file data-v5.txt (compact mmCIF, C-alpha atoms (C1' of nucleotides))
# COMPACT_ATOMS: atom_id res chain seq x y z
CA MET X 22 -60.17 23.45 9.40
CA THR X 23 -61.29 26.17 11.74
CA GLN X 24 -58.73 27.28 14.25
CA THR X 25 -58.66 26.12 17.86
CA PHE X 26 -56.62 27.05 20.90
CA SER X 27 -55.40 25.44 24.06
CA ILE X 28 -55.90 27.16 27.36
CA SER X 29 -52.27 28.21 27.50
CA ASP X 30 -52.47 29.59 23.97
CA LEU X 31 -55.17 31.98 25.09
CA ALA X 32 -53.49 32.66 28.41
CA ARG X 33 -50.33 33.73 26.61
CA GLU X 34 -52.15 35.78 24.02
CA PHE X 35 -54.23 37.71 26.54
CA ASP X 36 -51.66 37.79 29.31
CA VAL X 37 -53.73 36.03 31.93
CA THR X 38 -53.25 32.71 33.71
CA PRO X 39 -55.04 29.48 32.81
CA ARG X 40 -56.61 29.71 36.25
CA THR X 41 -58.29 32.95 35.25
CA ILE X 42 -59.75 31.39 32.11
CA ARG X 43 -61.01 28.39 34.05
CA TYR X 44 -62.53 30.75 36.57
CA TYR X 45 -64.48 32.53 33.85
CA GLU X 46 -65.75 29.17 32.70
CA SER X 47 -66.81 28.29 36.23
CA GLU X 48 -68.78 31.54 36.23
CA GLY X 49 -70.60 30.44 33.12
CA MET X 50 -68.96 32.86 30.75
CA LEU X 51 -67.12 30.34 28.60
CA SER X 52 -67.91 26.77 27.62
CA PRO X 53 -65.13 25.42 25.45
CA ALA X 54 -65.33 22.08 23.71
CA ARG X 55 -63.47 19.14 25.21
CA LYS X 56 -61.17 16.58 23.72
CA GLY X 57 -61.17 14.04 26.47
CA GLN X 58 -60.53 16.17 29.51
CA ARG X 59 -58.80 18.96 27.73
CA ARG X 60 -60.41 22.24 26.86
CA ILE X 61 -60.45 23.21 23.20
CA TYR X 62 -61.23 26.84 22.52
CA SER X 63 -62.79 28.02 19.27
CA LEU X 64 -62.45 31.42 17.63
CA ARG X 65 -65.79 32.28 19.17
CA ASP X 66 -64.54 31.39 22.63
CA ARG X 67 -61.58 33.62 21.96
CA VAL X 68 -63.84 36.52 21.06
CA THR X 69 -65.81 35.96 24.25
CA LEU X 70 -62.65 36.02 26.33
CA ALA X 71 -61.61 39.24 24.63
CA LEU X 72 -64.99 40.73 25.49
CA ILE X 73 -64.64 39.72 29.12
CA LEU X 74 -61.20 41.23 29.42
CA ARG X 75 -62.17 44.45 27.71
CA GLY X 76 -65.10 44.74 30.07
CA LYS X 77 -62.76 44.31 33.00
CA ARG X 78 -60.38 46.94 31.70
CA LEU X 79 -63.32 49.33 31.49
CA GLY X 80 -64.21 48.73 35.11
CA PHE X 81 -67.10 46.33 34.69
CA SER X 82 -67.37 43.49 37.16
CA LEU X 83 -67.44 39.97 35.80
CA ALA X 84 -71.16 39.86 36.50
CA GLU X 85 -71.66 42.97 34.39
CA ALA X 86 -69.41 41.63 31.65
CA LYS X 87 -71.48 38.47 31.68
CA GLU X 88 -74.66 40.45 31.18
CA ILE X 89 -73.17 42.14 28.15
CA ILE X 90 -72.00 38.87 26.68
CA GLU X 91 -75.42 37.38 27.21
CA LEU X 92 -76.90 40.24 25.23
CA TYR X 93 -74.74 39.27 22.30
CA ASP X 94 -75.88 35.65 22.69
CA ALA X 95 -79.53 36.47 23.25
CA PRO X 96 -82.20 34.67 21.23
CA GLN X 97 -83.73 36.87 18.54
CA GLY X 98 -86.60 34.69 17.46
CA GLU X 99 -89.57 36.87 18.29
CA ALA X 100 -90.19 40.57 18.03
CA GLY X 101 -90.78 40.78 21.78
CA GLN X 102 -87.38 39.31 22.51
CA LEU X 103 -85.80 41.74 20.09
CA ARG X 104 -87.46 44.73 21.72
CA VAL X 105 -86.32 43.69 25.17
CA LEU X 106 -82.84 43.10 23.81
CA LEU X 107 -82.74 46.53 22.21
CA GLU X 108 -83.73 48.16 25.47
CA LYS X 109 -81.03 46.35 27.40
CA LEU X 110 -78.52 47.29 24.74
CA ALA X 111 -79.54 50.92 25.15
CA ASP X 112 -78.98 50.67 28.90
CA LYS X 113 -75.51 49.23 28.50
CA ARG X 114 -74.80 51.80 25.87
CA LEU X 115 -75.44 54.54 28.38
CA GLU X 116 -72.99 53.00 30.83
CA LEU X 117 -70.37 52.68 28.13
CA GLU X 118 -70.86 56.23 26.99
CA ALA X 119 -70.52 57.48 30.54
CA LYS X 120 -67.20 55.67 30.76
CA ARG X 121 -66.04 57.15 27.52
CA ARG X 122 -66.99 60.62 28.69
CA ASP X 123 -65.18 60.00 31.96
CA ALA X 124 -62.09 58.99 30.04
CA GLU X 125 -62.38 62.01 27.81
CA THR X 126 -62.71 64.57 30.57
CA ALA X 127 -59.87 62.90 32.44
CA LEU X 128 -57.72 63.13 29.32
CA THR X 129 -58.64 66.77 28.78
CA SER X 130 -57.80 67.90 32.28
CA MET X 131 -54.65 65.84 32.27
CA ASP X 132 -53.58 67.45 29.01
CA GLU X 133 -54.27 70.90 30.38
CA TYR X 134 -52.27 70.11 33.47
CA ALA X 135 -49.38 68.76 31.41
CA ALA X 136 -49.45 71.92 29.29
CA ARG X 137 -49.12 74.06 32.43
CA CYS X 138 -46.24 71.88 33.56
CA ARG X 139 -44.46 72.30 30.25
CA GLU X 140 -44.98 76.02 30.40
CA ARG X 141 -43.47 76.12 33.87
CA LEU X 142 -40.58 74.00 32.74
CA ARG X 143 -39.95 76.32 29.83
CA GLN X 144 -39.83 79.28 32.19
CA LEU X 145 -37.43 77.49 34.50
CA GLU X 146 -35.16 76.63 31.62
CA ASN X 147 -35.18 80.23 30.48
CA GLY X 148 -33.80 81.20 33.83
CA ALA X 149 -36.83 83.28 34.68
CA ASP X 150 -37.40 83.65 38.41
CA VAL X 151 -41.01 82.72 38.71
CA GLY X 152 -42.37 82.49 42.20
CA ALA X 153 -44.73 79.70 43.24
CA SER X 154 -48.11 81.33 43.18
CA ASP X 155 -51.34 79.63 42.41
CA GLY X 156 -53.33 80.84 39.50
CA MET H 78 -66.29 82.07 53.31
CA THR H 79 -65.07 79.05 51.40
CA GLN H 80 -67.41 76.15 51.38
CA THR H 81 -67.00 73.05 53.51
CA PHE H 82 -68.76 69.73 53.71
CA SER H 83 -69.49 67.08 56.28
CA ILE H 84 -68.78 63.46 55.50
CA SER H 85 -72.44 62.73 54.95
CA ASP H 86 -72.74 65.71 52.62
CA LEU H 87 -70.16 64.17 50.36
CA ALA H 88 -71.51 60.68 50.83
CA ARG H 89 -74.93 61.83 49.66
CA GLU H 90 -73.58 63.83 46.77
CA PHE H 91 -71.41 61.04 45.40
CA ASP H 92 -73.64 58.16 46.40
CA VAL H 93 -71.15 56.36 48.58
CA THR H 94 -71.16 55.59 52.29
CA PRO H 95 -69.22 57.53 54.92
CA ARG H 96 -67.30 54.33 55.50
CA THR H 97 -66.01 54.47 51.95
CA ILE H 98 -64.79 58.04 52.38
CA ARG H 99 -63.05 57.18 55.65
CA TYR H 100 -61.47 54.21 53.94
CA TYR H 101 -60.00 56.44 51.26
CA GLU H 102 -58.59 58.62 54.00
CA SER H 103 -57.06 55.59 55.71
CA GLU H 104 -55.40 54.82 52.39
CA GLY H 105 -53.83 58.26 52.35
CA MET H 106 -55.94 59.67 49.56
CA LEU H 107 -57.79 62.29 51.57
CA SER H 108 -56.81 64.34 54.60
CA PRO H 109 -59.69 66.56 55.59
CA ALA H 110 -59.40 69.20 58.28
CA ARG H 111 -60.81 68.48 61.69
CA LYS H 112 -63.03 70.45 63.95
CA GLY H 113 -62.54 68.57 67.16
CA GLN H 114 -63.05 65.00 66.09
CA ARG H 115 -65.15 65.73 63.08
CA ARG H 116 -63.93 65.75 59.54
CA ILE H 117 -64.38 68.96 57.59
CA TYR H 118 -63.98 68.62 53.84
CA SER H 119 -62.91 71.50 51.64
CA LEU H 120 -63.72 72.05 47.98
CA ARG H 121 -60.33 70.63 47.22
CA ASP H 122 -61.10 67.46 49.17
CA ARG H 123 -64.29 67.21 47.20
CA VAL H 124 -62.39 67.42 43.92
CA THR H 125 -60.03 64.71 45.14
CA LEU H 126 -62.95 62.46 46.02
CA ALA H 127 -64.43 63.04 42.59
CA LEU H 128 -61.10 62.06 41.04
CA ILE H 129 -60.97 58.88 43.06
CA LEU H 130 -64.47 57.86 42.09
CA ARG H 131 -63.96 58.63 38.42
CA GLY H 132 -60.83 56.54 38.50
CA LYS H 133 -62.78 53.68 39.98
CA ARG H 134 -65.50 53.95 37.37
CA LEU H 135 -62.81 53.70 34.71
CA GLY H 136 -61.48 50.50 36.20
CA PHE H 137 -58.46 51.84 38.05
CA SER H 138 -57.68 50.34 41.43
CA LEU H 139 -57.48 52.66 44.39
CA ALA H 140 -53.71 52.34 44.28
CA GLU H 141 -53.70 53.50 40.66
CA ALA H 142 -56.12 56.31 41.41
CA LYS H 143 -53.82 57.36 44.20
CA GLU H 144 -50.89 57.51 41.82
CA ILE H 145 -52.83 59.79 39.52
CA ILE H 146 -53.88 62.07 42.37
CA GLU H 147 -50.32 62.26 43.56
CA LEU H 148 -49.30 63.43 40.11
CA TYR H 149 -51.67 66.35 40.46
CA ASP H 150 -50.22 67.10 43.89
CA ALA H 151 -46.61 66.64 42.86
CA PRO H 152 -44.02 69.31 43.71
CA GLN H 153 -42.97 71.35 40.71
CA GLY H 154 -40.09 73.25 42.15
CA GLU H 155 -37.23 72.09 39.97
CA ALA H 156 -36.93 71.34 36.30
CA GLY H 157 -35.97 67.75 37.08
CA GLN H 158 -39.14 67.19 39.06
CA LEU H 159 -41.17 68.65 36.25
CA ARG H 160 -39.59 66.38 33.68
CA VAL H 161 -40.26 63.28 35.76
CA LEU H 162 -43.80 64.47 36.33
CA LEU H 163 -44.37 65.00 32.62
CA GLU H 164 -43.15 61.49 31.88
CA LYS H 165 -45.47 59.96 34.43
CA LEU H 166 -48.33 62.00 33.06
CA ALA H 167 -47.57 60.66 29.61
CA ASP H 168 -47.70 57.10 30.96
CA LYS H 169 -51.06 57.63 32.61
CA ARG H 170 -52.27 59.32 29.50
CA LEU H 171 -51.58 56.18 27.53
CA GLU H 172 -53.62 54.09 29.94
CA LEU H 173 -56.48 56.53 29.79
CA GLU H 174 -56.41 56.65 26.02
CA ALA H 175 -56.46 52.87 25.88
CA LYS H 176 -59.58 52.91 28.02
CA ARG H 177 -61.21 55.48 25.83
CA ARG H 178 -60.42 53.42 22.75
CA ASP H 179 -61.79 50.33 24.44
CA ALA H 180 -64.99 52.20 25.22
CA GLU H 181 -65.22 53.49 21.69
CA THR H 182 -64.78 50.13 19.98
CA ALA H 183 -67.25 48.59 22.41
CA LEU H 184 -69.74 51.33 21.57
CA THR H 185 -69.19 50.86 17.85
CA SER H 186 -69.72 47.13 17.84
CA MET H 187 -72.70 47.48 20.16
CA ASP H 188 -74.24 50.03 17.82
CA GLU H 189 -73.69 47.77 14.84
CA TYR H 190 -75.26 44.89 16.68
CA ALA H 191 -78.24 47.01 17.71
CA ALA H 192 -78.66 48.12 14.10
CA ARG H 193 -78.81 44.50 12.97
CA CYS H 194 -81.36 43.80 15.69
CA ARG H 195 -83.54 46.69 14.56
CA GLU H 196 -83.33 45.50 10.99
CA ARG H 197 -84.41 42.03 12.05
CA LEU H 198 -87.23 43.49 14.06
CA ARG H 199 -88.39 45.52 11.09
CA GLN H 200 -88.48 42.40 8.96
CA LEU H 201 -90.45 40.50 11.55
CA GLU H 202 -92.96 43.32 11.83
CA ASN H 203 -93.38 43.48 8.07
CA GLY H 204 -93.99 39.78 7.73
CA ALA H 205 -96.19 39.07 10.73
CA ASP H 206 -99.48 40.33 12.08
CA VAL H 207 -98.30 42.37 15.01
CA GLY H 208 -101.02 43.44 17.41
CA ALA H 209 -98.86 45.59 19.64
CA SER H 210 -99.73 49.24 19.31
CA ASP H 211 -97.43 51.07 21.62
CA GLY H 212 -96.45 54.70 21.26
C1' DT S 78 -82.13 67.21 81.60
C1' DA S 79 -82.99 63.70 78.51
C1' DA S 80 -83.27 62.29 74.03
C1' DT S 81 -81.99 62.39 69.23
C1' DA S 82 -78.88 62.78 65.46
C1' DA S 83 -74.64 62.89 63.43
C1' DC S 84 -70.24 61.91 64.10
C1' DT S 85 -66.17 59.15 65.92
C1' DT S 86 -62.90 54.84 66.61
C1' DT S 87 -62.11 49.95 66.73
C1' DA S 88 -62.48 45.72 64.97
C1' DC S 89 -64.27 41.74 62.96
C1' DG S 90 -66.93 40.11 58.63
C1' DT S 91 -67.75 39.71 53.63
C1' DT S 92 -67.22 39.20 48.60
C1' DA S 93 -65.12 39.15 44.06
C1' DA S 94 -61.50 37.52 41.59
C1' DC S 95 -58.41 35.13 41.39
C1' DG S 96 -53.41 32.61 43.47
C1' DT S 97 -51.34 28.50 44.87
C1' DA S 98 -50.49 23.87 46.06
C1' DA S 99 -51.39 18.96 45.82
C1' DA S 100 -52.28 14.93 43.38
C1' DC S 101 -53.34 12.91 39.18
C1' DG S 102 -53.61 11.68 33.68
C1' DG S 103 -51.90 11.42 28.87
C1' DC S 104 -48.32 11.86 25.48
C1' DA S 105 -43.79 12.58 23.36
C1' DT S 106 -39.01 11.79 23.71
C1' DA S 107 -34.31 10.44 25.46
C1' DT B 260 -38.64 2.83 31.25
C1' DA B 261 -38.48 7.18 32.99
C1' DT B 262 -38.57 12.03 32.50
C1' DG B 263 -40.83 16.20 31.27
C1' DC B 264 -44.54 18.87 29.81
C1' DC B 265 -49.07 20.21 29.53
C1' DG B 266 -53.28 19.57 31.05
C1' DT B 267 -56.89 18.30 34.72
C1' DT B 268 -59.72 18.61 39.43
C1' DT B 269 -60.10 19.87 44.19
C1' DA B 270 -59.59 22.82 47.68
C1' DC B 271 -57.72 26.05 50.71
C1' DG B 272 -55.43 30.88 50.74
C1' DT B 273 -55.11 35.81 49.62
C1' DT B 274 -56.13 40.71 48.74
C1' DA B 275 -58.73 44.87 47.76
C1' DA B 276 -62.48 47.39 49.02
C1' DC B 277 -65.38 48.03 51.60
C1' DG B 278 -69.87 46.36 55.17
C1' DT B 279 -71.41 46.09 59.70
C1' DA B 280 -71.75 46.22 64.53
C1' DA B 281 -70.48 48.01 69.03
C1' DA B 282 -69.47 51.57 72.01
C1' DG B 283 -68.31 56.23 72.88
C1' DT B 284 -68.48 61.74 71.84
C1' DT B 285 -70.54 66.25 70.74
C1' DA B 286 -74.33 69.37 69.41
C1' DT B 287 -78.97 70.42 69.07
C1' DT B 288 -83.57 70.09 70.36
C1' DA B 289 -87.73 68.84 73.14

call {"tool": "encode", "arguments": {"input": "data-v5.txt", "output": "structure tokens"}}
result
Amino acid sequence: MTQTFSISDLAREFDVTPRTIRYYESEGMLSPARKGQRRIYSLRDRVTLALILRGKRLGFSLAEAKEIIELYDAPQGEAGQLRVLLEKLADKRLELEAKRRDAETALTSMDEYAARCRERLRQLENGADVGASDG
Amino acid sequence: MTQTFSISDLAREFDVTPRTIRYYESEGMLSPARKGQRRIYSLRDRVTLALILRGKRLGFSLAEAKEIIELYDAPQGEAGQLRVLLEKLADKRLELEAKRRDAETALTSMDEYAARCRERLRQLENGADVGASDG
DNA sequence: TAATAACTTTACGTTAACGTAAACGGCATA
DNA sequence: TATGCCGTTTACGTTAACGTAAAGTTATTA
């Protein structure tokens, strides 16, 4: 039997509320099976939710996250469709790479700053009288 | 003479509206000099604005971006202050690294997916009579 | 001197992304 | 039988992050 999840299972796992998950469904980003009224989420639904939330963490809007998800669900029947898909993937790739670069430069300058702070702290602990002058 | 900027200078450069920049000021994230009524932005203000906008691109809220900026502006007079600062920097570093990892795994899986698409496309082009002759 | 452009403040409007509350249904258990 | 518990729909409420419009100020230019 392939695994399924209730809405509160996923809510707990991903640390969101059921309301949030239902909201994503109302935006057309999830369409879980139903058992009567109740939503039954598959492993695939779970992957989709993970994609949505990662997109959000990276600063994409839900609309943008939806676009990305739709790329992964796109039909690949004809060569034309595949070419269009590959172009869109390249576009999104650029956005993602820009975010990664942003994160990297932020990390670098933060590390440099922290290094200067540690240096200053070391001097203070040595008892050295270092005046506050900018460098 | 050290360089200054008008609000529309910065708005143009960073592709935001003057309203946005004034909003950041109202949130305590910028405090440009004034010449009469008019705001005069220094190079330092410009750096701060860049920090804010990078934070936003990475999915931080303005409140979170403000926290980060305040770390860079924190007093470093005493050893105690420096130790607290270094801890907070370490926290933010973790968040940033998580974002970078998120971006990296997203890029990886996107690249794998694109590779499968290209493979599929190659197969289609080998099997079918394709009339497209683009460059 | 009048007009134009860029700036200002004030204040109400808008949208995304949910939060929250009410009222209801089905199922297990005490 | 009733008491929770988990789920449901419906619908109004909330907040962050600005947009937009109105009305006034200063500097330059025709």

call {"tool": "calpha_fit_rmsd", "arguments": {"input": "data-v5.txt", "fixed": "chain H", "moving": "chain X"}}
result
4.9 Å

call {"tool": "atom_distance", "arguments": {"input": "data-v5.txt", "atom1": "atom C1' of B:DG278", "atom2": "atom CA of H:Arg96"}}
result
8.4 Å

call {"tool": "closest_atom_pairs", "arguments": {"input": "data-v5.txt", "of": "chain S", "to": "chain X", "cutoff": "12 Å", "atoms": "all atoms listed in the file", "output": "Markdown table"}}
result
| residue | atom | partner | partner_atom | distance |
| --- | --- | --- | --- | --- |
| S:DA93 | C1' | X:Ser82 | CA | 8.5 |
| S:DA94 | C1' | X:Thr41 | CA | 8.4 |
| S:DC95 | C1' | X:Thr41 | CA | 6.5 |
| S:DG96 | C1' | X:Arg40 | CA | 8.4 |
| S:DT97 | C1' | X:Arg40 | CA | 10.2 |
| S:DG102 | C1' | X:Gln58 | CA | 9.2 |
| S:DG103 | C1' | X:Gln58 | CA | 9.9 |

call {"tool": "write_last_selection", "arguments": {"input": "data-v5.txt", "atoms": "C-alpha atoms (C1' of nucleotides)", "output": "mmCIF file, in the frame of the given file"}}
result
data_model
loop_
_atom_site.group_PDB
_atom_site.id
_atom_site.type_symbol
_atom_site.label_atom_id
_atom_site.label_comp_id
_atom_site.auth_asym_id
_atom_site.auth_seq_id
_atom_site.Cartn_x
_atom_site.Cartn_y
_atom_site.Cartn_z
ATOM 1 C "C1'" DA S 93 -65.120 39.150 44.060
ATOM 2 C "C1'" DA S 94 -61.500 37.520 41.590
ATOM 3 C "C1'" DC S 95 -58.410 35.130 41.390
ATOM 4 C "C1'" DG S 96 -53.410 32.610 43.470
ATOM 5 C "C1'" DT S 97 -51.340 28.500 44.870
ATOM 6 C "C1'" DG S 102 -53.610 11.680 33.680
ATOM 7 C "C1'" DG S 103 -51.900 11.420 28.870
#

call {"tool": "residues_around", "arguments": {"input": "data-v5.txt", "residues": "X:Arg67", "least_positions_apart": "5", "cutoff": "12 Å", "atoms": "all atoms listed in the file", "output": "PDB file with C-alpha atoms, keeping the file's coordinate frame"}}
result
ATOM      1  CA  GLN X  24     -58.730  27.280  14.250  1.00  0.00           C
ATOM      2  CA  THR X  25     -58.660  26.120  17.860  1.00  0.00           C
ATOM      3  CA  PHE X  26     -56.620  27.050  20.900  1.00  0.00           C
ATOM      4  CA  SER X  27     -55.400  25.440  24.060  1.00  0.00           C
ATOM      5  CA  ILE X  28     -55.900  27.160  27.360  1.00  0.00           C
ATOM      6  CA  ASP X  30     -52.470  29.590  23.970  1.00  0.00           C
ATOM      7  CA  LEU X  31     -55.170  31.980  25.090  1.00  0.00           C
ATOM      8  CA  ALA X  32     -53.490  32.660  28.410  1.00  0.00           C
ATOM      9  CA  GLU X  34     -52.150  35.780  24.020  1.00  0.00           C
ATOM     10  CA  PHE X  35     -54.230  37.710  26.540  1.00  0.00           C
ATOM     11  CA  ILE X  42     -59.750  31.390  32.110  1.00  0.00           C
ATOM     12  CA  MET X  50     -68.960  32.860  30.750  1.00  0.00           C
ATOM     13  CA  LEU X  51     -67.120  30.340  28.600  1.00  0.00           C
ATOM     14  CA  SER X  52     -67.910  26.770  27.620  1.00  0.00           C
ATOM     15  CA  PRO X  53     -65.130  25.420  25.450  1.00  0.00           C
ATOM     16  CA  ILE X  61     -60.450  23.210  23.200  1.00  0.00           C
ATOM     17  CA  TYR X  62     -61.230  26.840  22.520  1.00  0.00           C
ATOM     18  CA  LEU X  72     -64.990  40.730  25.490  1.00  0.00           C
ATOM     19  CA  ILE X  73     -64.640  39.720  29.120  1.00  0.00           C
ATOM     20  CA  LEU X  74     -61.200  41.230  29.420  1.00  0.00           C
TER      21      LEU X  74
END

call {"tool": "closest_atom_pairs", "arguments": {"input": "data-v5.txt", "of": "chain B", "to": "chain H", "cutoff": "12 Å", "atoms": "only C-alpha atoms (C1' of nucleotides)", "output": "CSV"}}
result
residue,atom,partner,partner_atom,distance
B:DA275,C1',H:Ser138,CA,8.4
B:DA276,C1',H:Thr97,CA,8.4
B:DC277,C1',H:Thr97,CA,6.5
B:DG278,C1',H:Arg96,CA,8.4
B:DT279,C1',H:Arg96,CA,10.1
B:DT284,C1',H:Gln114,CA,8.6
B:DT285,C1',H:Gln114,CA,8.9
B:DA286,C1',H:Arg115,CA,11.7

call {"tool": "atom_distance", "arguments": {"input": "data-v5.txt", "atom1": "atom CA of H:Asp92", "atom2": "atom CA of H:Arg111"}}
result
22.5 Å

call {"tool": "closest_atom_pairs", "arguments": {"input": "data-v5.txt", "of": "chain H", "to": "chain X", "cutoff": "9 Å", "atoms": "all atoms listed in the file", "output": "JSON lines"}}
result
{"residue": "H:Leu128", "atom": "CA", "partner": "X:Ala127", "partner_atom": "CA", "distance": 8.7}
{"residue": "H:Arg131", "atom": "CA", "partner": "X:Asp123", "partner_atom": "CA", "distance": 6.7}
{"residue": "H:Gly132", "atom": "CA", "partner": "X:Asp123", "partner_atom": "CA", "distance": 8.6}
{"residue": "H:Lys133", "atom": "CA", "partner": "X:Gly80", "partner_atom": "CA", "distance": 7.1}
{"residue": "H:Arg134", "atom": "CA", "partner": "X:Gly80", "partner_atom": "CA", "distance": 5.8}
{"residue": "H:Leu135", "atom": "CA", "partner": "X:Gly80", "partner_atom": "CA", "distance": 5.2}
{"residue": "H:Gly136", "atom": "CA", "partner": "X:Gly80", "partner_atom": "CA", "distance": 3.4}
{"residue": "H:Phe137", "atom": "CA", "partner": "X:Gly80", "partner_atom": "CA", "distance": 7.2}
{"residue": "H:Tyr149", "atom": "CA", "partner": "X:Tyr134", "partner_atom": "CA", "distance": 8.0}
{"residue": "H:Gln153", "atom": "CA", "partner": "X:Cys138", "partner_atom": "CA", "distance": 7.9}
{"residue": "H:Gly154", "atom": "CA", "partner": "X:Ala153", "partner_atom": "CA", "distance": 8.0}
{"residue": "H:Glu155", "atom": "CA", "partner": "X:Leu145", "partner_atom": "CA", "distance": 7.7}
{"residue": "H:Ala156", "atom": "CA", "partner": "X:Leu142", "partner_atom": "CA", "distance": 5.8}
{"residue": "H:Gly157", "atom": "CA", "partner": "X:Leu142", "partner_atom": "CA", "distance": 8.9}
{"residue": "H:Leu159", "atom": "CA", "partner": "X:Leu142", "partner_atom": "CA", "distance": 6.4}
{"residue": "H:Arg160", "atom": "CA", "partner": "X:Leu142", "partner_atom": "CA", "distance": 7.7}
{"residue": "H:Leu162", "atom": "CA", "partner": "X:Cys138", "partner_atom": "CA", "distance": 8.3}
{"residue": "H:Leu163", "atom": "CA", "partner": "X:Ala135", "partner_atom": "CA", "distance": 6.4}
{"residue": "H:Leu166", "atom": "CA", "partner": "X:Ala135", "partner_atom": "CA", "distance": 7.0}
{"residue": "H:Ala167", "atom": "CA", "partner": "X:Ala135", "partner_atom": "CA", "distance": 8.5}
{"residue": "H:Lys169", "atom": "CA", "partner": "X:Met131", "partner_atom": "CA", "distance": 9.0}
{"residue": "H:Arg170", "atom": "CA", "partner": "X:Leu128", "partner_atom": "CA", "distance": 6.7}
{"residue": "H:Leu173", "atom": "CA", "partner": "X:Ala124", "partner_atom": "CA", "distance": 6.1}
{"residue": "H:Glu174", "atom": "CA", "partner": "X:Ala124", "partner_atom": "CA", "distance": 7.3}
{"residue": "H:Lys176", "atom": "CA", "partner": "X:Leu79", "partner_atom": "CA", "distance": 6.2}
{"residue": "H:Arg177", "atom": "CA", "partner": "X:Arg121", "partner_atom": "CA", "distance": 5.4}
{"residue": "H:Arg178", "atom": "CA", "partner": "X:Arg121", "partner_atom": "CA", "distance": 8.3}
{"residue": "H:Asp179", "atom": "CA", "partner": "X:Arg75", "partner_atom": "CA", "distance": 6.7}
{"residue": "H:Ala180", "atom": "CA", "partner": "X:Arg121", "partner_atom": "CA", "distance": 5.6}
{"residue": "H:Glu181", "atom": "CA", "partner": "X:Arg121", "partner_atom": "CA", "distance": 6.9}
{"residue": "H:Ala183", "atom": "CA", "partner": "X:Leu117", "partner_atom": "CA", "distance": 7.7}
{"residue": "H:Leu184", "atom": "CA", "partner": "X:Arg114", "partner_atom": "CA", "distance": 6.7}
{"residue": "H:Met187", "atom": "CA", "partner": "X:Leu110", "partner_atom": "CA", "distance": 7.4}
{"residue": "H:Asp188", "atom": "CA", "partner": "X:Arg114", "partner_atom": "CA", "distance": 8.3}
{"residue": "H:Tyr190", "atom": "CA", "partner": "X:Tyr93", "partner_atom": "CA", "distance": 8.0}
{"residue": "H:Ala191", "atom": "CA", "partner": "X:Leu107", "partner_atom": "CA", "distance": 6.4}
{"residue": "H:Cys194", "atom": "CA", "partner": "X:Leu103", "partner_atom": "CA", "distance": 6.6}
{"residue": "H:Arg195", "atom": "CA", "partner": "X:Leu107", "partner_atom": "CA", "distance": 7.7}
{"residue": "H:Arg197", "atom": "CA", "partner": "X:Leu103", "partner_atom": "CA", "distance": 8.2}
{"residue": "H:Leu198", "atom": "CA", "partner": "X:Ala100", "partner_atom": "CA", "distance": 5.7}
{"residue": "H:Arg199", "atom": "CA", "partner": "X:Ala100", "partner_atom": "CA", "distance": 8.7}
{"residue": "H:Leu201", "atom": "CA", "partner": "X:Ala100", "partner_atom": "CA", "distance": 6.5}
{"residue": "H:Glu202", "atom": "CA", "partner": "X:Ala100", "partner_atom": "CA", "distance": 7.3}
{"residue": "H:Val207", "atom": "CA", "partner": "X:Ala100", "partner_atom": "CA", "distance": 8.8}

call {"tool": "atom_distance", "arguments": {"input": "data-v5.txt", "atom1": "atom CA of X:Glu46", "atom2": "atom CA of X:Thr69"}}
result
10.8 Å

call {"tool": "closest_residue", "arguments": {"input": "data-v5.txt", "among": "X:Ala71, X:Val37, X:Val105, X:Arg60", "to": "B:DC265", "atoms": "only C-alpha atoms (C1' of nucleotides)"}}
result
X:Arg60

call {"tool": "decode", "arguments": {"input": "data-v5.txt", "residues": "stretch 61-69 of chain X", "atoms": "N, CA and C atoms", "output": "mmCIF file, in the first residue's frame"}}
result
data_model
loop_
_atom_site.group_PDB
_atom_site.id
_atom_site.type_symbol
_atom_site.label_atom_id
_atom_site.label_comp_id
_atom_site.auth_asym_id
_atom_site.auth_seq_id
_atom_site.Cartn_x
_atom_site.Cartn_y
_atom_site.Cartn_z
ATOM 1 N N ILE X 61 -7.254 13.250 1.468
ATOM 2 C CA ILE X 61 -6.231 12.218 1.612
ATOM 3 C C ILE X 61 -5.054 12.609 0.728
ATOM 4 N N TYR X 62 -3.916 12.841 1.372
ATOM 5 C CA TYR X 62 -2.747 13.300 0.630
ATOM 6 C C TYR X 62 -1.825 12.137 0.302
ATOM 7 N N SER X 63 -1.367 12.116 -0.940
ATOM 8 C CA SER X 63 -0.417 11.098 -1.387
ATOM 9 C C SER X 63 1.008 11.594 -1.171
ATOM 10 N N LEU X 64 1.957 10.706 -1.435
ATOM 11 C CA LEU X 64 3.368 11.097 -1.384
ATOM 12 C C LEU X 64 3.649 12.216 -2.373
ATOM 13 N N ARG X 65 2.987 12.170 -3.495
ATOM 14 C CA ARG X 65 3.184 13.208 -4.509
ATOM 15 C C ARG X 65 2.670 14.561 -4.011
ATOM 16 N N ASP X 66 1.506 14.525 -3.368
ATOM 17 C CA ASP X 66 0.989 15.761 -2.773
ATOM 18 C C ASP X 66 1.990 16.321 -1.759
ATOM 19 N N ARG X 67 2.581 15.419 -1.026
ATOM 20 C CA ARG X 67 3.548 15.828 -0.006
ATOM 21 C C ARG X 67 4.769 16.496 -0.636
ATOM 22 N N VAL X 68 5.214 15.951 -1.735
ATOM 23 C CA VAL X 68 6.332 16.559 -2.458
ATOM 24 C C VAL X 68 5.943 17.957 -2.942
ATOM 25 N N THR X 69 4.740 18.057 -3.470
ATOM 26 C CA THR X 69 4.276 19.364 -3.952
ATOM 27 C C THR X 69 4.254 20.384 -2.822
#
